[in-house]
>>> print(open('coords01.txt').read())   # compact mmCIF, N, CA and C atoms
# COMPACT_ATOMS: atom_id res chain seq x y z
N MET A 1 0.85 -1.17 0.00
CA MET A 1 0.00 0.00 0.00
C MET A 1 0.90 1.24 0.00
N GLY A 2 0.60 2.20 -0.88
CA GLY A 2 1.37 3.43 -0.93
C GLY A 2 1.00 4.35 0.20
N SER A 3 1.61 5.51 0.20
CA SER A 3 1.34 6.47 1.28
C SER A 3 -0.02 7.13 1.10
N ILE A 4 -0.63 7.45 2.23
CA ILE A 4 -1.94 8.08 2.25
C ILE A 4 -1.81 9.40 3.01
N LEU A 5 -2.33 10.45 2.42
CA LEU A 5 -2.39 11.74 3.10
C LEU A 5 -3.86 12.10 3.28
N ILE A 6 -4.22 12.53 4.47
CA ILE A 6 -5.61 12.89 4.78
C ILE A 6 -5.69 14.40 4.92
N MET A 7 -6.57 15.01 4.15
CA MET A 7 -6.76 16.46 4.13
C MET A 7 -8.14 16.74 4.73
N CYS A 8 -8.17 17.31 5.93
CA CYS A 8 -9.43 17.60 6.60
C CYS A 8 -9.76 19.09 6.43
N ILE A 9 -10.98 19.36 5.99
CA ILE A 9 -11.39 20.72 5.66
C ILE A 9 -12.58 21.09 6.54
N GLY A 10 -12.62 22.37 6.97
CA GLY A 10 -13.80 22.84 7.68
C GLY A 10 -13.55 24.05 8.54
N ASN A 11 -14.64 24.66 8.94
CA ASN A 11 -14.64 25.87 9.76
C ASN A 11 -14.91 25.48 11.21
N ARG A 12 -13.94 25.72 12.07
CA ARG A 12 -14.05 25.34 13.49
C ARG A 12 -15.24 25.96 14.21
N VAL A 13 -15.71 27.09 13.74
CA VAL A 13 -16.84 27.75 14.40
C VAL A 13 -18.10 27.71 13.53
N GLY A 14 -18.16 26.73 12.63
CA GLY A 14 -19.28 26.64 11.70
C GLY A 14 -20.17 25.44 11.95
N GLY A 15 -20.47 25.14 13.22
CA GLY A 15 -21.33 24.00 13.51
C GLY A 15 -20.68 22.71 13.02
N ASP A 16 -21.44 21.95 12.22
CA ASP A 16 -20.94 20.66 11.75
C ASP A 16 -19.86 20.78 10.67
N ASP A 17 -19.65 21.99 10.17
CA ASP A 17 -18.54 22.20 9.24
C ASP A 17 -17.20 21.99 9.95
N ALA A 18 -17.23 21.96 11.28
CA ALA A 18 -16.01 21.72 12.08
C ALA A 18 -15.61 20.25 12.10
N ILE A 19 -16.33 19.38 11.40
CA ILE A 19 -16.02 17.95 11.47
C ILE A 19 -14.62 17.65 10.91
N GLY A 20 -14.19 18.34 9.89
CA GLY A 20 -12.85 18.12 9.35
C GLY A 20 -11.76 18.38 10.38
N PRO A 21 -11.72 19.60 10.96
CA PRO A 21 -10.72 19.87 12.01
C PRO A 21 -10.85 18.93 13.21
N TYR A 22 -12.08 18.56 13.58
CA TYR A 22 -12.29 17.63 14.70
C TYR A 22 -11.59 16.30 14.41
N ILE A 23 -11.80 15.77 13.19
CA ILE A 23 -11.19 14.49 12.82
C ILE A 23 -9.67 14.61 12.80
N ALA A 24 -9.15 15.68 12.22
CA ALA A 24 -7.69 15.87 12.16
C ALA A 24 -7.09 15.90 13.56
N ASN A 25 -7.67 16.67 14.46
CA ASN A 25 -7.14 16.77 15.82
C ASN A 25 -7.19 15.44 16.55
N LYS A 26 -8.30 14.73 16.40
CA LYS A 26 -8.44 13.47 17.13
C LYS A 26 -7.48 12.40 16.59
N ILE A 27 -7.30 12.34 15.29
CA ILE A 27 -6.36 11.37 14.72
C ILE A 27 -4.94 11.69 15.19
N LYS A 28 -4.58 12.97 15.19
CA LYS A 28 -3.24 13.36 15.63
C LYS A 28 -2.99 12.98 17.09
N LYS A 29 -4.03 13.09 17.93
CA LYS A 29 -3.89 12.75 19.35
C LYS A 29 -3.84 11.25 19.59
N GLU A 30 -4.58 10.49 18.80
CA GLU A 30 -4.75 9.06 19.06
C GLU A 30 -3.78 8.15 18.31
N THR A 31 -3.10 8.68 17.30
CA THR A 31 -2.26 7.81 16.47
C THR A 31 -0.91 8.47 16.21
N LYS A 32 -0.10 7.72 15.49
CA LYS A 32 1.19 8.27 15.06
C LYS A 32 1.14 8.68 13.59
N ILE A 33 -0.07 8.76 13.07
CA ILE A 33 -0.24 9.17 11.67
C ILE A 33 0.19 10.63 11.54
N ASP A 34 1.20 10.87 10.72
CA ASP A 34 1.64 12.25 10.54
C ASP A 34 1.21 12.80 9.18
N MET A 35 0.58 11.97 8.39
CA MET A 35 0.15 12.40 7.07
C MET A 35 -1.30 12.89 7.13
N ILE A 36 -1.55 13.82 8.03
CA ILE A 36 -2.88 14.41 8.16
C ILE A 36 -2.76 15.91 8.24
N LEU A 37 -3.60 16.60 7.49
CA LEU A 37 -3.57 18.06 7.45
C LEU A 37 -4.91 18.61 7.91
N ASP A 38 -4.88 19.54 8.84
CA ASP A 38 -6.06 20.31 9.22
C ASP A 38 -6.00 21.58 8.38
N CYS A 39 -6.75 21.61 7.31
CA CYS A 39 -6.67 22.70 6.33
C CYS A 39 -7.61 23.86 6.63
N GLY A 40 -8.43 23.71 7.68
CA GLY A 40 -9.38 24.79 7.97
C GLY A 40 -10.22 25.09 6.75
N THR A 41 -10.41 26.38 6.46
CA THR A 41 -11.25 26.78 5.33
C THR A 41 -10.42 27.16 4.10
N THR A 42 -9.11 26.88 4.14
CA THR A 42 -8.25 27.25 3.01
C THR A 42 -7.43 26.05 2.52
N PRO A 43 -8.08 25.02 2.02
CA PRO A 43 -7.33 23.84 1.57
C PRO A 43 -6.34 24.16 0.46
N GLU A 44 -6.62 25.19 -0.32
CA GLU A 44 -5.71 25.55 -1.41
C GLU A 44 -4.33 25.97 -0.90
N ASN A 45 -4.25 26.40 0.36
CA ASN A 45 -2.97 26.79 0.94
C ASN A 45 -2.07 25.59 1.28
N TYR A 46 -2.59 24.38 1.15
CA TYR A 46 -1.84 23.17 1.52
C TYR A 46 -1.39 22.36 0.31
N THR A 47 -1.62 22.88 -0.88
CA THR A 47 -1.25 22.12 -2.08
C THR A 47 0.26 21.88 -2.17
N SER A 48 1.06 22.82 -1.69
CA SER A 48 2.53 22.63 -1.77
C SER A 48 2.97 21.46 -0.88
N ILE A 49 2.30 21.27 0.26
CA ILE A 49 2.62 20.14 1.14
C ILE A 49 2.28 18.83 0.44
N ILE A 50 1.15 18.81 -0.25
CA ILE A 50 0.75 17.61 -0.97
C ILE A 50 1.76 17.31 -2.07
N LYS A 51 2.18 18.33 -2.79
CA LYS A 51 3.18 18.14 -3.85
C LYS A 51 4.50 17.63 -3.26
N GLN A 52 4.86 18.13 -2.10
CA GLN A 52 6.12 17.74 -1.45
C GLN A 52 6.07 16.29 -0.96
N LYS A 53 4.96 15.91 -0.31
CA LYS A 53 4.85 14.57 0.27
C LYS A 53 4.55 13.50 -0.78
N LYS A 54 3.94 13.89 -1.89
CA LYS A 54 3.63 12.98 -2.99
C LYS A 54 2.94 11.68 -2.54
N PRO A 55 1.79 11.78 -1.88
CA PRO A 55 1.09 10.55 -1.48
C PRO A 55 0.54 9.83 -2.71
N SER A 56 0.38 8.51 -2.59
CA SER A 56 -0.26 7.78 -3.68
C SER A 56 -1.78 7.95 -3.62
N THR A 57 -2.29 8.18 -2.40
CA THR A 57 -3.72 8.41 -2.20
C THR A 57 -3.92 9.64 -1.33
N LEU A 58 -4.82 10.50 -1.76
CA LEU A 58 -5.22 11.68 -0.98
C LEU A 58 -6.68 11.49 -0.60
N ILE A 59 -6.95 11.54 0.71
CA ILE A 59 -8.33 11.46 1.21
C ILE A 59 -8.71 12.85 1.69
N ILE A 60 -9.78 13.39 1.13
CA ILE A 60 -10.29 14.70 1.52
C ILE A 60 -11.57 14.49 2.31
N ILE A 61 -11.61 15.08 3.51
CA ILE A 61 -12.78 14.92 4.39
C ILE A 61 -13.40 16.30 4.62
N ASP A 62 -14.72 16.38 4.45
CA ASP A 62 -15.41 17.66 4.60
C ASP A 62 -16.88 17.42 4.90
N ALA A 63 -17.51 18.41 5.51
CA ALA A 63 -18.97 18.40 5.63
C ALA A 63 -19.53 18.63 4.23
N ALA A 64 -20.60 17.92 3.88
CA ALA A 64 -21.16 18.05 2.54
C ALA A 64 -22.68 17.92 2.60
N GLU A 65 -23.36 18.86 1.97
CA GLU A 65 -24.82 18.79 1.86
C GLU A 65 -25.15 17.79 0.76
N MET A 66 -25.56 16.59 1.19
CA MET A 66 -25.80 15.49 0.25
C MET A 66 -27.27 15.08 0.22
N GLU A 67 -28.12 15.84 0.92
CA GLU A 67 -29.54 15.50 1.04
C GLU A 67 -29.74 14.10 1.62
N GLN A 68 -28.96 13.82 2.67
CA GLN A 68 -29.01 12.55 3.40
C GLN A 68 -29.32 12.88 4.86
N PRO A 69 -29.65 11.87 5.67
CA PRO A 69 -29.83 12.13 7.11
C PRO A 69 -28.52 12.64 7.72
N ALA A 70 -28.65 13.51 8.71
CA ALA A 70 -27.47 14.08 9.38
C ALA A 70 -26.56 12.96 9.88
N GLY A 71 -25.26 13.13 9.63
CA GLY A 71 -24.28 12.16 10.07
C GLY A 71 -23.94 11.10 9.03
N THR A 72 -24.66 11.06 7.93
CA THR A 72 -24.38 10.09 6.88
C THR A 72 -22.98 10.33 6.31
N ILE A 73 -22.22 9.26 6.15
CA ILE A 73 -20.87 9.33 5.58
C ILE A 73 -20.92 8.68 4.21
N ARG A 74 -20.41 9.38 3.20
CA ARG A 74 -20.40 8.85 1.84
C ARG A 74 -19.10 9.25 1.13
N ILE A 75 -18.66 8.38 0.23
CA ILE A 75 -17.62 8.76 -0.72
C ILE A 75 -18.34 9.49 -1.85
N ILE A 76 -17.85 10.68 -2.17
CA ILE A 76 -18.50 11.50 -3.18
C ILE A 76 -17.72 11.36 -4.50
N PRO A 77 -18.36 10.77 -5.51
CA PRO A 77 -17.68 10.65 -6.80
C PRO A 77 -17.38 12.02 -7.40
N LYS A 78 -16.30 12.11 -8.12
CA LYS A 78 -15.86 13.38 -8.70
C LYS A 78 -16.96 14.06 -9.51
N GLU A 79 -17.70 13.26 -10.26
CA GLU A 79 -18.73 13.85 -11.14
C GLU A 79 -19.87 14.51 -10.35
N LYS A 80 -20.01 14.18 -9.08
CA LYS A 80 -21.07 14.79 -8.26
C LYS A 80 -20.60 16.02 -7.49
N LEU A 81 -19.29 16.27 -7.47
CA LEU A 81 -18.76 17.38 -6.68
C LEU A 81 -19.26 18.74 -7.14
N GLY A 82 -19.35 18.94 -8.42
CA GLY A 82 -19.74 20.25 -8.94
C GLY A 82 -21.20 20.58 -8.74
N THR A 83 -22.01 19.58 -8.40
CA THR A 83 -23.45 19.79 -8.30
C THR A 83 -23.92 19.94 -6.86
N MET A 84 -23.00 19.91 -5.91
CA MET A 84 -23.43 19.97 -4.52
C MET A 84 -22.67 21.03 -3.75
N HIS A 85 -23.25 21.43 -2.63
CA HIS A 85 -22.60 22.42 -1.78
C HIS A 85 -21.74 21.68 -0.76
N ILE A 86 -20.45 21.98 -0.80
CA ILE A 86 -19.53 21.36 0.14
C ILE A 86 -18.85 22.44 0.94
N SER A 87 -19.13 22.49 2.22
CA SER A 87 -18.45 23.35 3.18
C SER A 87 -18.53 24.83 2.86
N THR A 88 -17.64 25.60 3.46
CA THR A 88 -17.72 27.06 3.39
C THR A 88 -16.40 27.68 2.98
N HIS A 89 -15.60 26.97 2.18
CA HIS A 89 -14.32 27.53 1.79
C HIS A 89 -14.45 28.29 0.48
N GLY A 90 -13.42 29.07 0.17
CA GLY A 90 -13.47 29.95 -0.97
C GLY A 90 -13.40 29.24 -2.32
N ILE A 91 -12.51 28.29 -2.46
CA ILE A 91 -12.33 27.62 -3.74
C ILE A 91 -13.23 26.38 -3.82
N PRO A 92 -13.94 26.20 -4.93
CA PRO A 92 -14.75 24.98 -5.05
C PRO A 92 -13.86 23.74 -4.99
N LEU A 93 -14.34 22.73 -4.30
CA LEU A 93 -13.57 21.50 -4.13
C LEU A 93 -13.28 20.84 -5.47
N SER A 94 -14.20 20.96 -6.42
CA SER A 94 -13.99 20.36 -7.73
C SER A 94 -12.77 20.97 -8.43
N ILE A 95 -12.54 22.26 -8.28
CA ILE A 95 -11.37 22.92 -8.88
C ILE A 95 -10.10 22.49 -8.17
N LEU A 96 -10.14 22.43 -6.85
CA LEU A 96 -8.98 21.98 -6.08
C LEU A 96 -8.58 20.57 -6.50
N ILE A 97 -9.56 19.69 -6.64
CA ILE A 97 -9.27 18.31 -7.02
C ILE A 97 -8.71 18.23 -8.43
N SER A 98 -9.25 19.01 -9.35
CA SER A 98 -8.72 19.03 -10.71
C SER A 98 -7.24 19.40 -10.71
N TYR A 99 -6.87 20.34 -9.87
CA TYR A 99 -5.47 20.74 -9.75
C TYR A 99 -4.63 19.61 -9.13
N LEU A 100 -5.14 19.03 -8.04
CA LEU A 100 -4.37 18.01 -7.31
C LEU A 100 -4.23 16.70 -8.08
N GLU A 101 -5.13 16.45 -9.02
CA GLU A 101 -5.04 15.21 -9.81
C GLU A 101 -3.74 15.15 -10.61
N ARG A 102 -3.13 16.28 -10.85
CA ARG A 102 -1.84 16.30 -11.55
C ARG A 102 -0.71 15.80 -10.64
N GLU A 103 -0.95 15.80 -9.32
CA GLU A 103 0.08 15.44 -8.34
C GLU A 103 -0.15 14.10 -7.66
N VAL A 104 -1.40 13.66 -7.60
CA VAL A 104 -1.77 12.47 -6.82
C VAL A 104 -2.53 11.49 -7.73
N ASP A 105 -2.16 10.22 -7.63
CA ASP A 105 -2.80 9.21 -8.47
C ASP A 105 -4.25 8.95 -8.11
N HIS A 106 -4.55 8.95 -6.82
CA HIS A 106 -5.88 8.53 -6.37
C HIS A 106 -6.40 9.52 -5.34
N ILE A 107 -7.54 10.14 -5.62
CA ILE A 107 -8.16 11.09 -4.68
C ILE A 107 -9.53 10.58 -4.30
N ILE A 108 -9.77 10.52 -3.00
CA ILE A 108 -11.06 10.08 -2.46
C ILE A 108 -11.64 11.23 -1.66
N VAL A 109 -12.88 11.62 -1.96
CA VAL A 109 -13.56 12.66 -1.19
C VAL A 109 -14.61 11.99 -0.32
N ILE A 110 -14.49 12.21 0.98
CA ILE A 110 -15.45 11.66 1.93
C ILE A 110 -16.25 12.82 2.53
N GLY A 111 -17.55 12.76 2.36
CA GLY A 111 -18.44 13.79 2.90
C GLY A 111 -19.22 13.26 4.09
N ILE A 112 -19.48 14.15 5.03
CA ILE A 112 -20.36 13.84 6.16
C ILE A 112 -21.49 14.85 6.13
N GLN A 113 -22.70 14.34 6.10
CA GLN A 113 -23.88 15.21 6.03
C GLN A 113 -24.03 16.00 7.33
N PRO A 114 -24.02 17.34 7.25
CA PRO A 114 -24.18 18.15 8.46
C PRO A 114 -25.64 18.20 8.91
N LYS A 115 -25.80 18.47 10.19
CA LYS A 115 -27.13 18.74 10.75
C LYS A 115 -27.33 20.25 10.84
N GLN A 116 -26.26 20.95 11.24
CA GLN A 116 -26.33 22.40 11.42
C GLN A 116 -25.00 23.02 11.01
N MET A 117 -25.07 24.21 10.44
CA MET A 117 -23.84 24.88 9.99
C MET A 117 -23.56 26.13 10.82
N SER A 118 -24.06 26.16 12.02
CA SER A 118 -23.72 27.23 12.96
C SER A 118 -23.73 26.63 14.36
N GLY A 119 -23.13 27.35 15.29
CA GLY A 119 -23.07 26.84 16.66
C GLY A 119 -21.93 25.84 16.82
N THR A 120 -22.21 24.78 17.54
CA THR A 120 -21.18 23.78 17.82
C THR A 120 -21.43 22.50 17.01
N LEU A 121 -20.47 21.61 17.05
CA LEU A 121 -20.56 20.32 16.37
C LEU A 121 -21.71 19.51 16.99
N SER A 122 -22.64 19.04 16.17
CA SER A 122 -23.77 18.26 16.69
C SER A 122 -23.31 16.87 17.10
N ALA A 123 -24.04 16.28 18.03
CA ALA A 123 -23.68 14.95 18.55
C ALA A 123 -23.70 13.89 17.45
N VAL A 124 -24.68 13.94 16.55
CA VAL A 124 -24.79 12.92 15.51
C VAL A 124 -23.62 13.00 14.54
N VAL A 125 -23.19 14.19 14.20
CA VAL A 125 -22.07 14.35 13.26
C VAL A 125 -20.75 14.00 13.96
N LYS A 126 -20.62 14.37 15.23
CA LYS A 126 -19.42 14.00 15.99
C LYS A 126 -19.30 12.48 16.06
N LYS A 127 -20.40 11.78 16.31
CA LYS A 127 -20.39 10.32 16.37
C LYS A 127 -19.96 9.74 15.02
N SER A 128 -20.45 10.30 13.93
CA SER A 128 -20.05 9.84 12.59
C SER A 128 -18.56 10.11 12.36
N GLY A 129 -18.09 11.25 12.84
CA GLY A 129 -16.66 11.55 12.74
C GLY A 129 -15.82 10.52 13.46
N ASP A 130 -16.27 10.11 14.64
CA ASP A 130 -15.55 9.08 15.41
C ASP A 130 -15.55 7.74 14.66
N GLN A 131 -16.68 7.41 14.02
CA GLN A 131 -16.76 6.17 13.24
C GLN A 131 -15.80 6.24 12.05
N LEU A 132 -15.75 7.40 11.40
CA LEU A 132 -14.85 7.56 10.26
C LEU A 132 -13.39 7.45 10.70
N ILE A 133 -13.06 8.00 11.84
CA ILE A 133 -11.69 7.91 12.36
C ILE A 133 -11.29 6.44 12.51
N GLU A 134 -12.18 5.62 13.06
CA GLU A 134 -11.87 4.20 13.24
C GLU A 134 -11.64 3.51 11.89
N LEU A 135 -12.45 3.84 10.89
CA LEU A 135 -12.25 3.27 9.56
C LEU A 135 -10.91 3.71 8.98
N LEU A 136 -10.56 4.97 9.16
CA LEU A 136 -9.30 5.48 8.63
C LEU A 136 -8.11 4.82 9.31
N LYS A 137 -8.19 4.66 10.62
CA LYS A 137 -7.08 4.05 11.37
C LYS A 137 -6.83 2.61 10.91
N LYS A 138 -7.90 1.93 10.49
CA LYS A 138 -7.79 0.54 10.07
C LYS A 138 -7.66 0.41 8.55
N HIS A 139 -7.53 1.54 7.86
CA HIS A 139 -7.44 1.57 6.39
C HIS A 139 -8.63 0.87 5.75
N ARG A 140 -9.82 1.11 6.32
CA ARG A 140 -11.04 0.47 5.81
C ARG A 140 -12.00 1.48 5.19
N TYR A 141 -11.47 2.61 4.73
CA TYR A 141 -12.33 3.65 4.17
C TYR A 141 -13.04 3.21 2.88
N GLN A 142 -12.55 2.15 2.22
CA GLN A 142 -13.23 1.66 1.02
C GLN A 142 -14.60 1.09 1.34
N GLU A 143 -14.85 0.80 2.63
CA GLU A 143 -16.15 0.27 3.04
C GLU A 143 -17.25 1.33 3.03
N ILE A 144 -16.86 2.58 2.91
CA ILE A 144 -17.85 3.67 2.90
C ILE A 144 -18.59 3.63 1.56
N PRO A 145 -19.91 3.62 1.58
CA PRO A 145 -20.64 3.56 0.32
C PRO A 145 -20.54 4.88 -0.46
N PRO A 146 -20.63 4.80 -1.79
CA PRO A 146 -20.62 6.03 -2.58
C PRO A 146 -21.98 6.72 -2.53
N LEU A 147 -21.96 8.00 -2.80
CA LEU A 147 -23.19 8.79 -2.85
C LEU A 147 -23.94 8.44 -4.12
>>> encode(input="coords01.txt", output="structure tokens")
Amino acid sequence: MGSILIMCIGNRVGGDDAIGPYIANKIKKETKIDMILDCGTTPENYTSIIKQKKPSTLIIIDAAEMEQPAGTIRIIPKEKLGTMHISTHGIPLSILISYLEREVDHIIVIGIQPKQMSGTLSAVVKKSGDQLIELLKKHRYQEIPPL
């Protein structure tokens, strides 16, 4: 298995949009995985790190409005990225991925359906984040169904 880099995106004060930073912090505390980035709301600022580390697989984690029950975790196919609202960052994720595809062989986007985009992280989304962390630690993210 080649190297995996995990890029977590989200706004810490944006309700369930904070799921990306939550996952990044928890993985850093619980494991020795150093290939994880907490990109906040500016994932485009981390492209040089991705180019430097040259992972074989890039996993992008973000809150995503997928019209699913809150807390639902799905792999979002590239062709669906442009048609949905993902998080609150400036650059569309579809453009970021198009750029990163020149650097990384395999990109997986994992979305978690938010319940609320203001206030604090909801319990249902936090629980889903914890479930996703366990899958990532065991390299079982392929078990996540596609949207």
>>> select_by_dssp(input="coords01.txt", residues="range 4-87 of chain A", states="alpha helix (DSSP H)", output="ChimeraX atom specification")
/A:19-30,47-53,78-81
>>> residues_around(input="coords01.txt", residues="Tyr22 in chain A", least_positions_apart="6", cutoff="8 Å", atoms="all atoms listed in the file", output="ChimeraX atom specification")
/A:8-12,28,38,129-130
>>> atom_distance(input="coords01.txt", atom1="CA of Val124 in chain A", atom2="CA of Gly71 in chain A")
5.5 Å
>>> atom_distance(input="coords01.txt", atom1="atom C of Leu135 in chain A", atom2="atom C of Ser94 in chain A")
24.6 Å
>>> residues_near_point(input="coords01.txt", point="(-2.8, 7.1, -0.5)", cutoff="7 Å", atoms="only N, CA and C atoms", output="ChimeraX atom specification")
/A:1-5,55-59,106
>>> write_last_selection(input="coords01.txt", atoms="N, CA and C atoms", output="PDB file, in the coordinates of the input")
ATOM      1  N   MET A   1       0.850  -1.170   0.000  1.00  0.00           N
ATOM      2  CA  MET A   1       0.000   0.000   0.000  1.00  0.00           C
ATOM      3  C   MET A   1       0.900   1.240   0.000  1.00  0.00           C
ATOM      4  N   GLY A   2       0.600   2.200  -0.880  1.00  0.00           N
ATOM      5  CA  GLY A   2       1.370   3.430  -0.930  1.00  0.00           C
ATOM      6  C   GLY A   2       1.000   4.350   0.200  1.00  0.00           C
ATOM      7  N   SER A   3       1.610   5.510   0.200  1.00  0.00           N
ATOM      8  CA  SER A   3       1.340   6.470   1.280  1.00  0.00           C
ATOM      9  C   SER A   3      -0.020   7.130   1.100  1.00  0.00           C
ATOM     10  N   ILE A   4      -0.630   7.450   2.230  1.00  0.00           N
ATOM     11  CA  ILE A   4      -1.940   8.080   2.250  1.00  0.00           C
ATOM     12  C   ILE A   4      -1.810   9.400   3.010  1.00  0.00           C
ATOM     13  N   LEU A   5      -2.330  10.450   2.420  1.00  0.00           N
ATOM     14  CA  LEU A   5      -2.390  11.740   3.100  1.00  0.00           C
ATOM     15  C   LEU A   5      -3.860  12.100   3.280  1.00  0.00           C
ATOM     16  N   PRO A  55       1.790  11.780  -1.880  1.00  0.00           N
ATOM     17  CA  PRO A  55       1.090  10.550  -1.480  1.00  0.00           C
ATOM     18  C   PRO A  55       0.540   9.830  -2.710  1.00  0.00           C
ATOM     19  N   SER A  56       0.380   8.510  -2.590  1.00  0.00           N
ATOM     20  CA  SER A  56      -0.260   7.780  -3.680  1.00  0.00           C
ATOM     21  C   SER A  56      -1.780   7.950  -3.620  1.00  0.00           C
ATOM     22  N   THR A  57      -2.290   8.180  -2.400  1.00  0.00           N
ATOM     23  CA  THR A  57      -3.720   8.410  -2.200  1.00  0.00           C
ATOM     24  C   THR A  57      -3.920   9.640  -1.330  1.00  0.00           C
ATOM     25  N   LEU A  58      -4.820  10.500  -1.760  1.00  0.00           N
ATOM     26  CA  LEU A  58      -5.220  11.680  -0.980  1.00  0.00           C
ATOM     27  C   LEU A  58      -6.680  11.490  -0.600  1.00  0.00           C
ATOM     28  N   ILE A  59      -6.950  11.540   0.710  1.00  0.00           N
ATOM     29  CA  ILE A  59      -8.330  11.460   1.210  1.00  0.00           C
ATOM     30  C   ILE A  59      -8.710  12.850   1.690  1.00  0.00           C
ATOM     31  N   HIS A 106      -4.550   8.950  -6.820  1.00  0.00           N
ATOM     32  CA  HIS A 106      -5.880   8.530  -6.370  1.00  0.00           C
ATOM     33  C   HIS A 106      -6.400   9.520  -5.340  1.00  0.00           C
TER      34      HIS A 106
END
>>> residues_around(input="coords01.txt", residues="Tyr46 in chain A", least_positions_apart="3", cutoff="12 Å", atoms="only C-alpha atoms", output="tab-separated table (two decimals) with N, CA and C atoms, keeping the file's coordinate frame")
chain	number	residue	atom	x	y	z
A	5	LEU	N	-2.33	10.45	2.42
A	5	LEU	CA	-2.39	11.74	3.10
A	5	LEU	C	-3.86	12.10	3.28
A	6	ILE	N	-4.22	12.53	4.47
A	6	ILE	CA	-5.61	12.89	4.78
A	6	ILE	C	-5.69	14.40	4.92
A	7	MET	N	-6.57	15.01	4.15
A	7	MET	CA	-6.76	16.46	4.13
A	7	MET	C	-8.14	16.74	4.73
A	8	CYS	N	-8.17	17.31	5.93
A	8	CYS	CA	-9.43	17.60	6.60
A	8	CYS	C	-9.76	19.09	6.43
A	9	ILE	N	-10.98	19.36	5.99
A	9	ILE	CA	-11.39	20.72	5.66
A	9	ILE	C	-12.58	21.09	6.54
A	36	ILE	N	-1.55	13.82	8.03
A	36	ILE	CA	-2.88	14.41	8.16
A	36	ILE	C	-2.76	15.91	8.24
A	37	LEU	N	-3.60	16.60	7.49
A	37	LEU	CA	-3.57	18.06	7.45
A	37	LEU	C	-4.91	18.61	7.91
A	38	ASP	N	-4.88	19.54	8.84
A	38	ASP	CA	-6.06	20.31	9.22
A	38	ASP	C	-6.00	21.58	8.38
A	39	CYS	N	-6.75	21.61	7.31
A	39	CYS	CA	-6.67	22.70	6.33
A	39	CYS	C	-7.61	23.86	6.63
A	40	GLY	N	-8.43	23.71	7.68
A	40	GLY	CA	-9.38	24.79	7.97
A	40	GLY	C	-10.22	25.09	6.75
A	41	THR	N	-10.41	26.38	6.46
A	41	THR	CA	-11.25	26.78	5.33
A	41	THR	C	-10.42	27.16	4.10
A	42	THR	N	-9.11	26.88	4.14
A	42	THR	CA	-8.25	27.25	3.01
A	42	THR	C	-7.43	26.05	2.52
A	43	PRO	N	-8.08	25.02	2.02
A	43	PRO	CA	-7.33	23.84	1.57
A	43	PRO	C	-6.34	24.16	0.46
A	49	ILE	N	2.30	21.27	0.26
A	49	ILE	CA	2.62	20.14	1.14
A	49	ILE	C	2.28	18.83	0.44
A	50	ILE	N	1.15	18.81	-0.25
A	50	ILE	CA	0.75	17.61	-0.97
A	50	ILE	C	1.76	17.31	-2.07
A	51	LYS	N	2.18	18.33	-2.79
A	51	LYS	CA	3.18	18.14	-3.85
A	51	LYS	C	4.50	17.63	-3.26
A	52	GLN	N	4.86	18.13	-2.10
A	52	GLN	CA	6.12	17.74	-1.45
A	52	GLN	C	6.07	16.29	-0.96
A	53	LYS	N	4.96	15.91	-0.31
A	53	LYS	CA	4.85	14.57	0.27
A	53	LYS	C	4.55	13.50	-0.78
A	60	ILE	N	-9.78	13.39	1.13
A	60	ILE	CA	-10.29	14.70	1.52
A	60	ILE	C	-11.57	14.49	2.31
A	96	LEU	N	-10.14	22.43	-6.85
A	96	LEU	CA	-8.98	21.98	-6.08
A	96	LEU	C	-8.58	20.57	-6.50
A	100	LEU	N	-5.14	19.03	-8.04
A	100	LEU	CA	-4.37	18.01	-7.31
A	100	LEU	C	-4.23	16.70	-8.08
>>> atom_distance(input="coords01.txt", atom1="CA of Met35 in chain A", atom2="CA of Ala123 in chain A")
26.6 Å
>>> select_by_dssp(input="coords01.txt", residues="chain A", states="strand (DSSP E)", output="PyMOL selection string")
chain A and resi 4-8+36-38+57-63+73-75+106-112
>>> residues_around(input="coords01.txt", residues="Leu147 in chain A", least_positions_apart="4", cutoff="6.5 Å", atoms="only N, CA and C atoms", output="PyMOL selection string")
chain A and resi 74-77
>>> closest_residue(input="coords01.txt", among="A:Leu81, A:Leu132, A:Ile144, A:Ala63", to="Ile27 in chain A", atoms="only C-alpha atoms")
A:Leu132
>>> closest_residue(input="coords01.txt", among="A:Thr31, A:Thr120, A:Ile112, A:Lys137", to="Thr72 in chain A", atoms="only C-alpha atoms")
A:Ile112
>>> decode(input="coords01.txt", residues="range 27-33 of chain A", atoms="N, CA and C atoms", output="PDB file, in the first residue's frame")
ATOM      1  N   ILE A  27      -7.302  12.341  15.286  1.00  0.00           N
ATOM      2  CA  ILE A  27      -6.356  11.370  14.722  1.00  0.00           C
ATOM      3  C   ILE A  27      -4.941  11.693  15.188  1.00  0.00           C
ATOM      4  N   LYS A  28      -4.577  12.967  15.189  1.00  0.00           N
ATOM      5  CA  LYS A  28      -3.237  13.363  15.632  1.00  0.00           C
ATOM      6  C   LYS A  28      -2.994  12.983  17.095  1.00  0.00           C
ATOM      7  N   LYS A  29      -4.028  13.089  17.928  1.00  0.00           N
ATOM      8  CA  LYS A  29      -3.890  12.755  19.353  1.00  0.00           C
ATOM      9  C   LYS A  29      -3.839  11.254  19.592  1.00  0.00           C
ATOM     10  N   GLU A  30      -4.585  10.486  18.795  1.00  0.00           N
ATOM     11  CA  GLU A  30      -4.749   9.056  19.061  1.00  0.00           C
ATOM     12  C   GLU A  30      -3.784   8.153  18.305  1.00  0.00           C
ATOM     13  N   THR A  31      -3.100   8.675  17.304  1.00  0.00           N
ATOM     14  CA  THR A  31      -2.261   7.812  16.475  1.00  0.00           C
ATOM     15  C   THR A  31      -0.910   8.467  16.207  1.00  0.00           C
ATOM     16  N   LYS A  32      -0.101   7.724  15.490  1.00  0.00           N
ATOM     17  CA  LYS A  32       1.194   8.265  15.058  1.00  0.00           C
ATOM     18  C   LYS A  32       1.138   8.681  13.595  1.00  0.00           C
ATOM     19  N   ILE A  33      -0.068   8.765  13.067  1.00  0.00           N
ATOM     20  CA  ILE A  33      -0.235   9.168  11.667  1.00  0.00           C
ATOM     21  C   ILE A  33       0.188  10.629  11.539  1.00  0.00           C
TER      22      ILE A  33
END
